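> Take a look at this one; I'll ask things after.
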Amino acid sequence: MTCDTLRRVRDATREPHQRLERRLDILRRIACADQRRELVGRFGALHVDAETALAPWLSGMAELDFEARRRSPRLARDMAVLGLRAPSGGGEPIRLRNVGEALGLMYVLEGSTLGGRVIRRHVEGAGGDLTGLSFLDPYGRRAGERWRGFLSVLSAAPQADDVVAGSVAGFEHVERRLCGRADA
């Protein structure tokens, strides 16, 4: 299913998405134990902050099942396995003005579950260690079903401009949280 909103979001986020992937260099970073711990800690804090910002806008949407999409509990377990304290968030706050922007940010987080599956398969196929990386594939075999469910909600969103703005801002926020500032 491709709706106009999804097409617009994909077009608008192509460049920030590619930049994030380049800068994040996740396969290299998760191969080193210290870098893996640091990166998983950043993901943990990011998800705590994102879920806190999203909850007022999305938790009441039964068709989305926001609570089941939270990854912070899984990240807390991954962090514990890696010897880290549970994520507390508290970084740069995420400010959302409406449901459309919240769905745009959720697009970034939900889309990362698809990329996470690819990353896990790559690491696994190379005989790598998956310790502390369960958050990358939170839905397992249900990933496609969960993604299609999210796209159904996204396609029904009446605020397409806000969804696009939220997704672009979401990619930029994720990049700052996981990679630092581009000019740093």
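Identifiers for the structure tokens are assigned positionally: chains receive A, B, ... in sequence, residues are indexed from 1 per chain, and ligands are indexed from 1 in the order shown.
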Excluding A:Arg74 and residues on its chain fewer than 2 positions from it, collect all residues at most 8 Å away from it, counting only C-alpha atoms, and give them as a list in words.
Arg71, Ser72, Ala76, Arg77, Asp78, Ser134, Phe135 and Pro138 of chain A
> Using only C-alpha atoms, which protein or nucleic acid residues come within 8 Å of A:Arg70? Drop anything in the same chain fewer than 4 positions from it, and give the result as an MDAnalysis selection string.
chainID A and resid 47 51 66
> Keeping only N, CA and C atoms, write the selected residues to a file as a PDB file, in the first residue's frame.

```pdb
ATOM      1  N   HIS A  47      14.687   6.522  22.938  1.00  0.00           N
ATOM      2  CA  HIS A  47      13.343   5.934  22.965  1.00  0.00           C
ATOM      3  C   HIS A  47      12.552   6.364  24.186  1.00  0.00           C
ATOM      4  N   GLU A  51       9.146   8.211  23.342  1.00  0.00           N
ATOM      5  CA  GLU A  51       7.893   7.626  23.824  1.00  0.00           C
ATOM      6  C   GLU A  51       7.180   8.574  24.781  1.00  0.00           C
ATOM      7  N   PHE A  66      -0.147   1.762  20.586  1.00  0.00           N
ATOM      8  CA  PHE A  66       1.112   2.435  20.928  1.00  0.00           C
ATOM      9  C   PHE A  66       1.878   1.709  22.029  1.00  0.00           C
TER      10      PHE A  66
END
```
> Quick one: distance from atom CA of A:Ala165 to atom CA of A:Ala102 in Å, one decimal?
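Atom CA of A:Ala165 sits 9.7 Å away from atom CA of A:Ala102.
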> List every residue of stretch 11-129 of chain A that has an atom at most 9 Å from any atom of stretch 140-162 of chain A, giving for each one its closest atom pair and the distance in Å to one decimal, counting only C-alpha atoms, sorted by chain and then by ascending residue number, as a tab-separated table.

```
residue	atom	partner	partner_atom	distance
A:Glu63	CA	A:Val153	CA	7.0
A:Leu64	CA	A:Phe150	CA	6.4
A:Arg69	CA	A:Arg146	CA	8.8
A:Arg97	CA	A:Asp162	CA	8.9
A:Asn98	CA	A:Asp162	CA	7.7
A:Val99	CA	A:Gln159	CA	8.0
A:Gly100	CA	A:Asp162	CA	4.7
A:Glu101	CA	A:Asp162	CA	5.0
A:Ala102	CA	A:Asp162	CA	8.5
A:Leu103	CA	A:Leu154	CA	6.8
A:Gly104	CA	A:Asp162	CA	7.4
A:Met106	CA	A:Phe150	CA	8.8
A:Tyr107	CA	A:Phe150	CA	8.0
A:Glu110	CA	A:Trp147	CA	6.9
A:Gly111	CA	A:Trp147	CA	7.5
A:Thr113	CA	A:Ala143	CA	7.2
A:Leu114	CA	A:Ala143	CA	6.9
A:Arg117	CA	A:Gly140	CA	7.9
```
> Can you list, as a PyMOL selection string, every protein, DNA or RNA residue that comes within 8 Å of A:Glu92 when you count only C-alpha atoms, leaving out same-chain residues fewer than 2 positions away?
chain A and resi 90+94+177
> Keeping only all heavy atoms, write the selected residues as a PDB file, in the first residue's frame.

```pdb
ATOM      1  N   GLY A  90      15.967  12.406  29.078  1.00  0.00           N
ATOM      2  CA  GLY A  90      16.436  13.681  29.578  1.00  0.00           C
ATOM      3  C   GLY A  90      17.372  14.431  28.646  1.00  0.00           C
ATOM      4  O   GLY A  90      17.978  15.407  29.037  1.00  0.00           O
ATOM      5  N   ILE A  94      11.812  16.502  22.868  1.00  0.00           N
ATOM      6  CA  ILE A  94      11.126  16.392  21.587  1.00  0.00           C
ATOM      7  C   ILE A  94       9.801  17.113  21.739  1.00  0.00           C
ATOM      8  O   ILE A  94       8.993  16.760  22.594  1.00  0.00           O
ATOM      9  CB  ILE A  94      10.906  14.915  21.211  1.00  0.00           C
ATOM     10  CG1 ILE A  94      12.248  14.189  21.128  1.00  0.00           C
ATOM     11  CG2 ILE A  94      10.128  14.815  19.901  1.00  0.00           C
ATOM     12  CD1 ILE A  94      12.121  12.686  20.954  1.00  0.00           C
ATOM     13  N   ARG A 177      20.778  12.730  18.417  1.00  0.00           N
ATOM     14  CA  ARG A 177      20.862  11.904  19.627  1.00  0.00           C
ATOM     15  C   ARG A 177      21.824  10.745  19.479  1.00  0.00           C
ATOM     16  O   ARG A 177      22.516  10.374  20.423  1.00  0.00           O
ATOM     17  CB  ARG A 177      19.475  11.375  20.009  1.00  0.00           C
ATOM     18  CG  ARG A 177      18.519  12.429  20.503  1.00  0.00           C
ATOM     19  CD  ARG A 177      18.984  13.145  21.768  1.00  0.00           C
ATOM     20  NE  ARG A 177      19.104  12.316  22.933  1.00  0.00           N
ATOM     21  CZ  ARG A 177      18.119  11.993  23.754  1.00  0.00           C
ATOM     22  NH1 ARG A 177      16.912  12.450  23.544  1.00  0.00           N
ATOM     23  NH2 ARG A 177      18.340  11.238  24.790  1.00  0.00           N
TER      24      ARG A 177
END
```
> May I ask for the distance between atom CA of A:Ala33 and atom CA of A:His122, given in Å to one decimal place?
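These two atoms are separated by 17.1 Å.
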> Tell me which protein, DNA and RNA residues are within 12 Å of A:Val123, counting only C-alpha atoms, leaving out same-chain ones fewer than 3 positions away, and put them as a list in words.
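After dropping sequence-adjacent residues, the list is Ile26, Leu27, Arg28, Arg29, Ile30, Ala31, Gly116, Arg117, Val118, Ile119, Arg120, Ala126, Gly127, Gly128, Asp129, Leu130, Thr131, Leu133 and Leu136 of chain A.
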> Output the selection as a PDB file, in the first residue's frame - N, CA, C and O atoms for each residue.

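Just written: selection.pdb:
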```pdb
ATOM      1  N   ILE A  26      26.324   1.890  11.923  1.00  0.00           N
ATOM      2  CA  ILE A  26      25.933   1.006  13.027  1.00  0.00           C
ATOM      3  C   ILE A  26      26.676  -0.331  13.027  1.00  0.00           C
ATOM      4  O   ILE A  26      27.032  -0.831  14.090  1.00  0.00           O
ATOM      5  N   LEU A  27      26.920  -0.912  11.872  1.00  0.00           N
ATOM      6  CA  LEU A  27      27.595  -2.214  11.859  1.00  0.00           C
ATOM      7  C   LEU A  27      28.994  -2.121  12.462  1.00  0.00           C
ATOM      8  O   LEU A  27      29.412  -3.008  13.213  1.00  0.00           O
ATOM      9  N   ARG A  28      29.703  -1.066  12.172  1.00  0.00           N
ATOM     10  CA  ARG A  28      31.038  -0.879  12.755  1.00  0.00           C
ATOM     11  C   ARG A  28      30.927  -0.639  14.259  1.00  0.00           C
ATOM     12  O   ARG A  28      31.656  -1.222  15.047  1.00  0.00           O
ATOM     13  N   ARG A  29      29.969   0.182  14.657  1.00  0.00           N
ATOM     14  CA  ARG A  29      29.856   0.552  16.061  1.00  0.00           C
ATOM     15  C   ARG A  29      29.398  -0.596  16.948  1.00  0.00           C
ATOM     16  O   ARG A  29      29.834  -0.694  18.095  1.00  0.00           O
ATOM     17  N   ILE A  30      28.552  -1.458  16.454  1.00  0.00           N
ATOM     18  CA  ILE A  30      28.093  -2.554  17.308  1.00  0.00           C
ATOM     19  C   ILE A  30      29.092  -3.709  17.341  1.00  0.00           C
ATOM     20  O   ILE A  30      28.974  -4.595  18.173  1.00  0.00           O
ATOM     21  N   ALA A  31      30.080  -3.684  16.466  1.00  0.00           N
ATOM     22  CA  ALA A  31      31.100  -4.741  16.459  1.00  0.00           C
ATOM     23  C   ALA A  31      32.092  -4.584  17.607  1.00  0.00           C
ATOM     24  O   ALA A  31      32.711  -5.552  18.039  1.00  0.00           O
ATOM     25  N   GLY A 116      16.376  -2.583  11.532  1.00  0.00           N
ATOM     26  CA  GLY A 116      16.965  -3.373  12.607  1.00  0.00           C
ATOM     27  C   GLY A 116      16.985  -4.856  12.282  1.00  0.00           C
ATOM     28  O   GLY A 116      17.947  -5.563  12.607  1.00  0.00           O
ATOM     29  N   ARG A 117      15.945  -5.325  11.618  1.00  0.00           N
ATOM     30  CA  ARG A 117      15.912  -6.742  11.200  1.00  0.00           C
ATOM     31  C   ARG A 117      17.063  -7.031  10.238  1.00  0.00           C
ATOM     32  O   ARG A 117      17.709  -8.073  10.332  1.00  0.00           O
ATOM     33  N   VAL A 118      17.299  -6.121   9.308  1.00  0.00           N
ATOM     34  CA  VAL A 118      18.384  -6.292   8.337  1.00  0.00           C
ATOM     35  C   VAL A 118      19.729  -6.312   9.059  1.00  0.00           C
ATOM     36  O   VAL A 118      20.591  -7.157   8.775  1.00  0.00           O
ATOM     37  N   ILE A 119      19.909  -5.404  10.001  1.00  0.00           N
ATOM     38  CA  ILE A 119      21.159  -5.333  10.762  1.00  0.00           C
ATOM     39  C   ILE A 119      21.383  -6.626  11.539  1.00  0.00           C
ATOM     40  O   ILE A 119      22.472  -7.196  11.507  1.00  0.00           O
ATOM     41  N   ARG A 120      20.367  -7.091  12.236  1.00  0.00           N
ATOM     42  CA  ARG A 120      20.494  -8.340  13.010  1.00  0.00           C
ATOM     43  C   ARG A 120      20.832  -9.520  12.104  1.00  0.00           C
ATOM     44  O   ARG A 120      21.683 -10.331  12.438  1.00  0.00           O
ATOM     45  N   ALA A 126      27.157 -13.081   9.740  1.00  0.00           N
ATOM     46  CA  ALA A 126      28.616 -12.956   9.820  1.00  0.00           C
ATOM     47  C   ALA A 126      29.156 -13.654  11.072  1.00  0.00           C
ATOM     48  O   ALA A 126      30.349 -13.565  11.365  1.00  0.00           O
ATOM     49  N   GLY A 127      28.269 -14.319  11.820  1.00  0.00           N
ATOM     50  CA  GLY A 127      28.700 -15.008  13.036  1.00  0.00           C
ATOM     51  C   GLY A 127      28.965 -14.064  14.196  1.00  0.00           C
ATOM     52  O   GLY A 127      29.635 -14.418  15.155  1.00  0.00           O
ATOM     53  N   GLY A 128      28.402 -12.855  14.118  1.00  0.00           N
ATOM     54  CA  GLY A 128      28.625 -11.848  15.155  1.00  0.00           C
ATOM     55  C   GLY A 128      27.775 -12.068  16.389  1.00  0.00           C
ATOM     56  O   GLY A 128      26.842 -12.871  16.410  1.00  0.00           O
ATOM     57  N   ASP A 129      28.104 -11.324  17.408  1.00  0.00           N
ATOM     58  CA  ASP A 129      27.441 -11.383  18.709  1.00  0.00           C
ATOM     59  C   ASP A 129      26.216 -10.470  18.702  1.00  0.00           C
ATOM     60  O   ASP A 129      26.307  -9.313  18.302  1.00  0.00           O
ATOM     61  N   LEU A 130      25.089 -10.965  19.148  1.00  0.00           N
ATOM     62  CA  LEU A 130      23.847 -10.188  19.193  1.00  0.00           C
ATOM     63  C   LEU A 130      23.500  -9.724  20.606  1.00  0.00           C
ATOM     64  O   LEU A 130      22.415  -9.179  20.830  1.00  0.00           O
ATOM     65  N   THR A 131      24.421  -9.869  21.535  1.00  0.00           N
ATOM     66  CA  THR A 131      24.165  -9.473  22.918  1.00  0.00           C
ATOM     67  C   THR A 131      23.794  -7.990  22.991  1.00  0.00           C
ATOM     68  O   THR A 131      24.506  -7.131  22.482  1.00  0.00           O
ATOM     69  N   LEU A 133      21.227  -6.503  21.636  1.00  0.00           N
ATOM     70  CA  LEU A 133      20.663  -5.943  20.402  1.00  0.00           C
ATOM     71  C   LEU A 133      19.236  -6.416  20.118  1.00  0.00           C
ATOM     72  O   LEU A 133      18.748  -6.289  19.004  1.00  0.00           O
ATOM     73  N   LEU A 136      16.628  -4.182  18.239  1.00  0.00           N
ATOM     74  CA  LEU A 136      16.649  -3.953  16.793  1.00  0.00           C
ATOM     75  C   LEU A 136      15.515  -4.680  16.077  1.00  0.00           C
ATOM     76  O   LEU A 136      15.075  -4.260  15.017  1.00  0.00           O
TER      77      LEU A 136
END
```
